[in-house]
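Structure data (compact mmCIF, C-alpha atoms and all ligand atoms) from input.txt:
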```
# COMPACT_ATOMS: atom_id res chain seq x y z
CA MET A 1 96.31 105.45 185.45
CA GLN A 2 97.92 102.09 186.10
CA ILE A 3 97.16 98.70 187.64
CA ILE A 4 99.24 97.43 190.54
CA GLY A 5 98.31 94.13 192.18
CA ASP A 6 94.87 94.06 190.49
CA MET A 7 93.95 97.48 191.88
CA LEU A 8 93.63 100.81 190.07
CA TYR A 9 96.18 103.57 190.77
CA HIS A 10 96.86 107.04 189.45
CA ASP A 11 100.12 107.58 187.55
CA ASP A 12 101.62 109.22 190.64
CA GLY A 13 101.11 106.01 192.62
CA THR A 14 98.10 107.06 194.71
CA PRO A 15 95.28 104.52 194.69
CA TYR A 16 91.80 105.21 193.34
CA PRO A 17 89.05 105.13 196.00
CA TYR A 18 88.22 101.57 197.04
CA LYS A 19 84.96 100.60 198.70
CA LYS A 20 85.02 96.86 199.19
CA SER A 21 81.96 94.94 198.08
CA PRO A 22 81.12 91.67 199.89
CA ASN A 23 79.44 90.44 196.69
CA LYS A 24 82.28 88.55 195.10
CA GLY A 25 83.96 85.20 195.10
CA GLY A 26 86.52 83.05 193.40
CA GLU A 27 89.35 83.69 191.04
CA LEU A 28 88.60 85.52 187.80
CA THR A 29 89.78 84.36 184.37
CA PRO A 30 89.78 87.72 182.58
CA GLU A 31 88.68 87.47 178.93
CA TYR A 32 86.05 90.18 178.47
CA LEU A 33 85.05 93.62 179.67
CA VAL A 34 81.30 94.02 180.34
CA LEU A 35 79.69 97.47 180.55
CA HIS A 36 76.55 98.35 182.50
CA TYR A 37 74.40 101.30 183.54
CA THR A 38 73.32 101.52 187.16
CA ALA A 39 69.69 102.63 186.50
CA SER A 40 70.06 104.42 189.80
CA PRO A 41 69.47 108.06 190.89
CA ASN A 42 73.10 108.92 191.64
CA PHE A 43 76.65 107.68 192.23
CA ASN A 44 76.43 107.40 196.03
CA GLN A 45 73.21 105.44 195.98
CA ALA A 46 74.66 103.04 193.41
CA LEU A 47 77.86 102.66 195.44
CA THR A 48 75.94 101.98 198.65
CA TRP A 49 73.78 99.40 196.89
CA LEU A 50 76.60 97.57 195.09
CA THR A 51 78.59 97.30 198.33
CA SER A 52 75.66 96.12 200.48
CA ARG A 53 75.15 92.43 201.13
CA GLN A 54 71.43 92.53 200.25
CA ALA A 55 72.16 93.61 196.66
CA LYS A 56 73.84 90.27 195.87
CA ALA A 57 75.38 92.29 193.03
CA SER A 58 78.60 94.19 192.43
CA ALA A 59 81.04 95.23 189.73
CA HIS A 60 84.75 95.89 189.70
CA LEU A 61 84.37 99.62 189.05
CA LEU A 62 81.75 102.33 189.32
CA ILE A 63 82.21 105.45 187.17
CA GLY A 64 80.37 108.65 188.08
CA ARG A 65 78.95 111.28 185.76
CA ASP A 66 81.88 113.54 186.71
CA GLY A 67 84.34 110.83 185.59
CA ASN A 68 85.30 109.75 189.11
CA ILE A 69 86.09 106.07 189.53
CA THR A 70 85.67 103.90 192.62
CA GLN A 71 86.84 100.29 192.73
CA MET A 72 84.66 97.75 194.58
CA VAL A 73 86.25 94.38 193.71
CA PRO A 74 89.93 93.62 192.86
CA PHE A 75 90.34 92.70 189.17
CA ASN A 76 91.53 89.15 189.97
CA GLU A 77 88.32 88.27 191.84
CA VAL A 78 84.89 87.41 190.42
CA ALA A 79 82.33 90.24 190.81
CA TRP A 80 78.59 89.63 190.51
CA HIS A 81 77.51 91.83 187.60
CA ALA A 82 76.54 89.56 184.69
CA GLY A 83 74.05 87.08 186.18
CA LYS A 84 72.69 84.41 183.84
CA SER A 85 74.61 85.17 180.69
CA GLN A 86 76.20 83.74 177.59
CA TRP A 87 78.64 84.88 174.92
CA ARG A 88 79.56 82.49 172.10
CA ASN A 89 80.31 79.19 173.87
CA VAL A 90 80.97 80.76 177.29
CA THR A 91 78.19 80.80 179.90
CA GLY A 92 78.19 82.58 183.25
CA LEU A 93 80.28 85.59 182.24
CA ASN A 94 80.97 86.62 185.86
CA ASN A 95 83.81 84.12 185.91
CA TYR A 96 85.38 85.51 182.72
CA SER A 97 84.79 89.25 182.76
CA ILE A 98 85.64 92.52 184.44
CA GLY A 99 82.48 94.56 185.04
CA ILE A 100 82.13 98.35 184.93
CA GLU A 101 78.98 100.14 186.14
CA LEU A 102 78.27 103.61 184.73
CA ASP A 103 76.15 106.02 186.77
CA ASN A 104 73.16 106.51 184.45
CA ALA A 105 69.38 106.50 184.93
CA GLY A 106 68.81 104.00 182.11
CA PRO A 107 65.51 103.87 180.18
CA LEU A 108 63.15 106.84 180.54
CA GLN A 109 59.50 107.49 179.74
CA ARG A 110 58.27 110.75 178.23
CA ALA A 111 56.52 113.08 180.69
CA GLY A 112 55.52 116.30 178.93
CA ASP A 113 58.71 118.23 178.11
CA THR A 114 60.84 116.00 180.32
CA TRP A 115 61.63 112.32 180.79
CA VAL A 116 61.08 110.25 183.92
CA ALA A 117 63.06 107.31 185.30
CA TRP A 118 61.59 104.25 187.01
CA PHE A 119 62.60 105.74 190.38
CA GLY A 120 60.66 108.96 189.66
CA THR A 121 63.44 111.45 188.89
CA ARG A 122 62.79 113.72 185.90
CA TYR A 123 65.47 114.53 183.33
CA PRO A 124 65.49 117.44 180.84
CA ALA A 125 65.34 116.60 177.14
CA ASP A 126 68.94 117.67 176.56
CA GLU A 127 70.17 114.81 178.79
CA VAL A 128 68.17 112.23 176.88
CA VAL A 129 68.29 110.49 173.52
CA GLU A 130 65.19 108.85 172.07
CA ALA A 131 66.07 105.53 170.43
CA VAL A 132 65.00 101.95 169.81
CA HIS A 133 67.12 99.42 171.70
CA LYS A 134 68.68 96.83 169.37
CA HIS A 135 66.64 94.08 171.07
CA GLN A 136 63.36 96.02 171.25
CA LYS A 137 60.79 97.30 168.76
CA THR A 138 59.58 100.60 170.17
CA SER A 139 61.50 103.74 171.02
CA GLN A 140 61.92 105.23 174.47
CA GLY A 141 64.22 107.71 176.18
CA TRP A 142 67.74 106.79 177.28
CA HIS A 143 69.79 108.84 179.72
CA LEU A 144 72.90 110.19 177.99
CA TYR A 145 76.39 109.48 179.32
CA THR A 146 78.50 112.58 180.06
CA ALA A 147 81.72 113.51 178.24
CA GLU A 148 83.72 113.20 181.50
CA GLN A 149 82.28 109.72 182.06
CA MET A 150 83.02 108.61 178.48
CA SER A 151 86.57 109.85 178.74
CA ALA A 152 87.09 107.97 182.04
CA VAL A 153 85.57 104.71 180.78
CA LEU A 154 87.64 104.93 177.59
CA GLU A 155 90.88 105.40 179.53
CA VAL A 156 90.23 102.64 182.06
CA SER A 157 88.88 100.21 179.45
CA THR A 158 91.96 100.67 177.28
CA LEU A 159 94.16 99.99 180.31
CA LEU A 160 92.18 96.89 181.35
CA VAL A 161 92.06 95.42 177.85
CA GLN A 162 95.78 95.92 177.48
CA HIS A 163 96.82 94.84 180.98
CA TYR A 164 94.75 91.65 181.05
CA GLY A 165 94.80 90.93 177.31
CA LEU A 166 90.98 91.00 177.12
CA ASN A 167 89.41 89.74 173.87
CA ASP A 168 86.42 92.04 173.60
CA VAL A 169 84.24 94.72 175.17
CA LEU A 170 80.59 93.69 175.58
CA GLY A 171 77.37 95.21 176.85
CA HIS A 172 75.27 93.46 179.47
CA ASP A 173 72.61 93.46 176.75
CA ASP A 174 74.96 91.42 174.50
CA ILE A 175 75.40 88.62 177.04
CA ALA A 176 71.86 88.65 178.50
CA PRO A 177 69.63 89.69 175.57
CA GLY A 178 65.93 89.92 176.38
CA ARG A 179 66.72 90.19 180.08
CA LYS A 180 69.02 93.24 180.09
CA THR A 181 69.16 96.52 178.13
CA ASP A 182 72.32 98.10 179.54
CA PRO A 183 74.42 100.01 178.62
CA GLY A 184 71.76 100.68 175.93
CA PRO A 185 71.53 102.85 172.80
CA ALA A 186 72.93 105.96 174.54
CA PHE A 187 76.29 104.18 174.79
CA PRO A 188 78.24 104.38 171.47
CA MET A 189 79.51 100.79 171.68
CA ASP A 190 80.85 100.40 168.13
CA SER A 191 82.94 103.56 168.10
CA PHE A 192 83.96 102.94 171.70
CA LYS A 193 85.32 99.49 170.87
CA ALA A 194 87.10 100.86 167.80
CA ARG A 195 88.76 103.51 169.94
CA VAL A 196 89.80 101.08 172.71
CA PHE A 197 91.36 98.57 170.32
CA GLY A 198 92.67 101.28 167.96
CA ARG A 199 94.57 102.92 170.81
CA ILE A 200 96.16 99.65 171.77
CA GLN A 201 97.31 99.05 168.21
CA GLU A 202 98.83 102.53 168.11
CA GLU A 203 100.84 101.73 171.20
CA THR A 204 102.34 98.62 169.61
CA GLU A 205 106.09 99.03 169.23
CA TYR A 206 107.79 98.83 165.85
CA PHE A 207 111.45 98.07 165.36
CA TYR A 208 113.88 98.85 162.55
CA GLU A 209 117.54 98.27 161.86
CA THR A 210 120.04 100.27 159.87
CA THR A 211 121.05 98.95 156.42
CA ALA A 212 124.04 101.29 156.04
CA ASN A 213 126.39 103.32 158.25
CA ILE A 214 124.11 106.32 158.84
CA ASN A 215 123.99 109.52 160.82
CA VAL A 216 121.41 110.36 163.43
CA ARG A 217 120.25 113.97 163.22
CA SER A 218 118.46 116.28 165.63
CA GLY A 219 115.58 116.87 163.20
CA PRO A 220 113.83 115.42 160.12
CA GLY A 221 116.20 116.66 157.39
CA SER A 222 119.85 116.72 156.29
CA GLU A 223 120.09 120.39 157.37
CA TYR A 224 119.84 119.35 161.04
CA PRO A 225 123.03 118.74 163.07
CA ILE A 226 124.50 115.24 163.30
CA LEU A 227 124.22 113.86 166.83
CA GLU A 228 127.08 112.40 168.83
CA GLY A 229 127.14 108.61 168.51
CA SER A 230 126.87 108.83 164.70
CA PRO A 231 127.44 107.14 162.38
CA LEU A 232 125.53 104.06 163.46
CA PRO A 233 126.99 100.80 162.13
CA ILE A 234 124.97 98.57 159.78
CA GLY A 235 122.50 96.41 161.69
CA THR A 236 121.95 98.79 164.63
CA PRO A 237 118.46 98.14 166.04
CA LEU A 238 116.09 101.13 166.35
CA GLU A 239 112.74 101.64 167.99
CA TYR A 240 110.30 103.59 165.84
CA LEU A 241 108.79 106.73 167.39
CA GLN A 242 107.25 108.70 164.49
CA GLU A 243 107.91 109.77 160.92
CA LYS A 244 107.92 113.00 158.87
CA GLY A 245 108.40 112.79 155.12
CA ASN A 246 111.39 110.56 154.40
CA TRP A 247 112.68 110.78 157.97
CA ILE A 248 111.95 108.53 160.94
CA GLN A 249 112.41 109.49 164.57
CA VAL A 250 113.94 106.60 166.50
CA ASP A 251 115.38 105.50 169.81
CA VAL A 252 118.74 103.88 169.16
CA LEU A 253 118.84 100.53 170.90
CA ASP A 254 121.97 99.04 172.36
CA GLU A 255 121.70 95.29 171.93
CA VAL A 256 123.51 94.64 175.19
CA ASN A 257 122.21 97.40 177.41
CA GLY A 258 118.76 98.13 175.96
CA VAL A 259 118.04 101.75 175.05
CA MET A 260 121.11 103.92 174.49
CA ASP A 261 120.86 107.55 175.42
CA LEU A 262 120.34 108.55 171.81
CA GLU A 263 117.12 109.66 170.16
CA GLY A 264 117.03 111.36 166.79
CA TRP A 265 116.08 111.26 163.12
CA VAL A 266 117.37 108.89 160.43
CA TYR A 267 116.79 108.81 156.67
CA SER A 268 114.15 106.15 155.99
CA ARG A 269 115.94 104.75 152.90
CA TYR A 270 118.71 103.30 155.09
CA VAL A 271 116.55 101.42 157.61
CA LYS A 272 114.28 98.40 157.33
CA GLN A 273 111.53 97.14 159.60
CA ILE A 274 112.29 94.01 161.63
CA PRO A 275 110.06 91.79 163.77
CA ALA A 276 109.71 92.98 167.38
ZN ZN K 1 74.02 95.26 183.90
```

Now that the file is in, can you turn its structure into structure tokens?
Amino acid sequence: MQIIGDMLYHDDGTPYPYKKSPNKGGELTPEYLVLHYTASPNFNQALTWLTSRQAKASAHLLIGRDGNITQMVPFNEVAWHAGKSQWRNVTGLNNYSIGIELDNAGPLQRAGDTWVAWFGTRYPADEVVEAVHKHQKTSQGWHLYTAEQMSAVLEVSTLLVQHYGLNDVLGHDDIAPGRKTDPGPAFPMDSFKARVFGRIQEETEYFYETTANINVRSGPGSEYPILEGSPLPIGTPLEYLQEKGNWIQVDVLDEVNGVMDLEGWVYSRYVKQIPA
């Protein structure tokens, strides 16, 4: 997926579904990502509600239990998802955050072998985790998020954090404690954040340069053929791709023209890391 003009697109350039919400206003200063559950019976009902004037609420994205994503507000406009809220010295997080709603029934009460939501739908025990919310004292049921949904929210969150340089991922319950409990204990916030920011770090580019006239080979070892363009002169800049043993796979960079059409393996003893 990719972002073009503050809207979400697939890699092939087709846009994600967009259902415009009237509940928005003003220019957004993106600093945070805020996650929510809908506490609603299903995706379509949540979408209808968040795009109806009477709701006086919205979010930038809604993610279904099948992993489908619909955009409701462009990422450069303020959506109404946070309400009265505070994080550190920032109040009114609507102006500073991108909001994602996850289709999820929210808190559930035990009803025999099953669990029941506030809107009356019953859920089997295997879709529920019993837990104490970090701001509460007693345990209750919490509707689990699906694997497809977690994979979608991880992918889009990583993209949003990277694209807009967001500082942190927060729950609605972090910025409105006592008033809100979403996304709740069923959402693995700590590991989710670690994965979002870990992925971004992995994608950071590292650069090297050669410290001797060295050959570029087709594989990680001196038994592999020397590639055309070798030897590289001292001081040739390289972009790091991966390493195996004492060998590093690199893209050879041409200082004038950017990337040369040469990718291969160099012996790590004859390169040094340089600032990007
Ligand atoms: Zn919320």

Using all atoms listed in the file, tabulate the residues of chain A lying at most 10 Å from any atom of ligand ZN 1 (chain K), each with its closest atom pair and that distance in Å to one decimal, by chain and increasing residue number, as JSON lines.
```
{"residue": "A:Val34", "atom": "CA", "partner": "K:ZN1", "partner_atom": "ZN", "distance": 8.2}
{"residue": "A:Leu35", "atom": "CA", "partner": "K:ZN1", "partner_atom": "ZN", "distance": 6.9}
{"residue": "A:His36", "atom": "CA", "partner": "K:ZN1", "partner_atom": "ZN", "distance": 4.2}
{"residue": "A:Tyr37", "atom": "CA", "partner": "K:ZN1", "partner_atom": "ZN", "distance": 6.1}
{"residue": "A:Thr38", "atom": "CA", "partner": "K:ZN1", "partner_atom": "ZN", "distance": 7.1}
{"residue": "A:Ala39", "atom": "CA", "partner": "K:ZN1", "partner_atom": "ZN", "distance": 8.9}
{"residue": "A:Ala57", "atom": "CA", "partner": "K:ZN1", "partner_atom": "ZN", "distance": 9.7}
{"residue": "A:Ser58", "atom": "CA", "partner": "K:ZN1", "partner_atom": "ZN", "distance": 9.7}
{"residue": "A:Ala59", "atom": "CA", "partner": "K:ZN1", "partner_atom": "ZN", "distance": 9.1}
{"residue": "A:Trp80", "atom": "CA", "partner": "K:ZN1", "partner_atom": "ZN", "distance": 9.8}
{"residue": "A:His81", "atom": "CA", "partner": "K:ZN1", "partner_atom": "ZN", "distance": 6.1}
{"residue": "A:Ala82", "atom": "CA", "partner": "K:ZN1", "partner_atom": "ZN", "distance": 6.3}
{"residue": "A:Gly83", "atom": "CA", "partner": "K:ZN1", "partner_atom": "ZN", "distance": 8.5}
{"residue": "A:Gly99", "atom": "CA", "partner": "K:ZN1", "partner_atom": "ZN", "distance": 8.6}
{"residue": "A:Ile100", "atom": "CA", "partner": "K:ZN1", "partner_atom": "ZN", "distance": 8.7}
{"residue": "A:Glu101", "atom": "CA", "partner": "K:ZN1", "partner_atom": "ZN", "distance": 7.3}
{"residue": "A:Leu102", "atom": "CA", "partner": "K:ZN1", "partner_atom": "ZN", "distance": 9.4}
{"residue": "A:Gly171", "atom": "CA", "partner": "K:ZN1", "partner_atom": "ZN", "distance": 7.8}
{"residue": "A:His172", "atom": "CA", "partner": "K:ZN1", "partner_atom": "ZN", "distance": 4.9}
{"residue": "A:Asp173", "atom": "CA", "partner": "K:ZN1", "partner_atom": "ZN", "distance": 7.5}
{"residue": "A:Ile175", "atom": "CA", "partner": "K:ZN1", "partner_atom": "ZN", "distance": 9.6}
{"residue": "A:Ala176", "atom": "CA", "partner": "K:ZN1", "partner_atom": "ZN", "distance": 8.8}
{"residue": "A:Arg179", "atom": "CA", "partner": "K:ZN1", "partner_atom": "ZN", "distance": 9.7}
{"residue": "A:Lys180", "atom": "CA", "partner": "K:ZN1", "partner_atom": "ZN", "distance": 6.6}
{"residue": "A:Thr181", "atom": "CA", "partner": "K:ZN1", "partner_atom": "ZN", "distance": 7.6}
{"residue": "A:Asp182", "atom": "CA", "partner": "K:ZN1", "partner_atom": "ZN", "distance": 5.5}
{"residue": "A:Pro183", "atom": "CA", "partner": "K:ZN1", "partner_atom": "ZN", "distance": 7.1}
{"residue": "A:Gly184", "atom": "CA", "partner": "K:ZN1", "partner_atom": "ZN", "distance": 9.9}
```

Choose the residue, out of A:Tyr32, A:Tyr18, A:Trp142, A:Tyr267, that has the smallest atom-to-atom separation from Gly165 (chain A); count all atoms listed in the file.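 Residue with the minimum atom-to-atom distance to Gly165 (chain A): A:Tyr32.
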
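Reported to one decimal place, the separation of CA of Asn215 (chain A) from CA of Gln273 (chain A) is 17.6 Å.
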
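With all atoms listed in the file as the atoms that count, the minimum distance from Glu148 (chain A) to the choices A:Asp103, A:Thr29, A:Asn94, A:Leu241 is reached by A:Asp103.
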
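Rounded to one decimal, CA of Val161 (chain A) and CA of Gln2 (chain A) lie 12.1 Å from each other.
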
Can you pull out every residue within 12 Å of Gly120 (chain A), counting only C-alpha atoms, but drop anything in the same chain fewer than 5 positions away, and send it as a CSV table (one decimal) with C-alpha atoms, keeping the file's coordinate frame?
```csv
chain,number,residue,atom,x,y,z
A,39,ALA,CA,69.7,102.6,186.5
A,40,SER,CA,70.1,104.4,189.8
A,41,PRO,CA,69.5,108.1,190.9
A,105,ALA,CA,69.4,106.5,184.9
A,107,PRO,CA,65.5,103.9,180.2
A,108,LEU,CA,63.2,106.8,180.5
A,109,GLN,CA,59.5,107.5,179.7
A,110,ARG,CA,58.3,110.8,178.2
A,111,ALA,CA,56.5,113.1,180.7
A,114,THR,CA,60.8,116.0,180.3
A,115,TRP,CA,61.6,112.3,180.8
```

Place a sphere of radius 12 Å on (77.3, 109.1, 196.2) in the file coordinates and name every protein, DNA or RNA residue with an atom inside or on its surface, counting all atoms listed in the file; give the answer as a list in words. Lys19, Ser40, Pro41, Asn42, Phe43, Asn44, Gln45, Ala46, Leu47, Thr48, Trp49, Leu50, Leu62, Ile63, Gly64, Arg65, Asp66, Asn68, Ile69, Thr70 and Asp103 of chain A

Hey, what's within 7 Å of Leu28 (chain A) if we count all atoms listed in the file and toss same-chain stuff fewer than 5 positions away? As a PyMOL selection string, please? chain A and resi 76-78+95-96
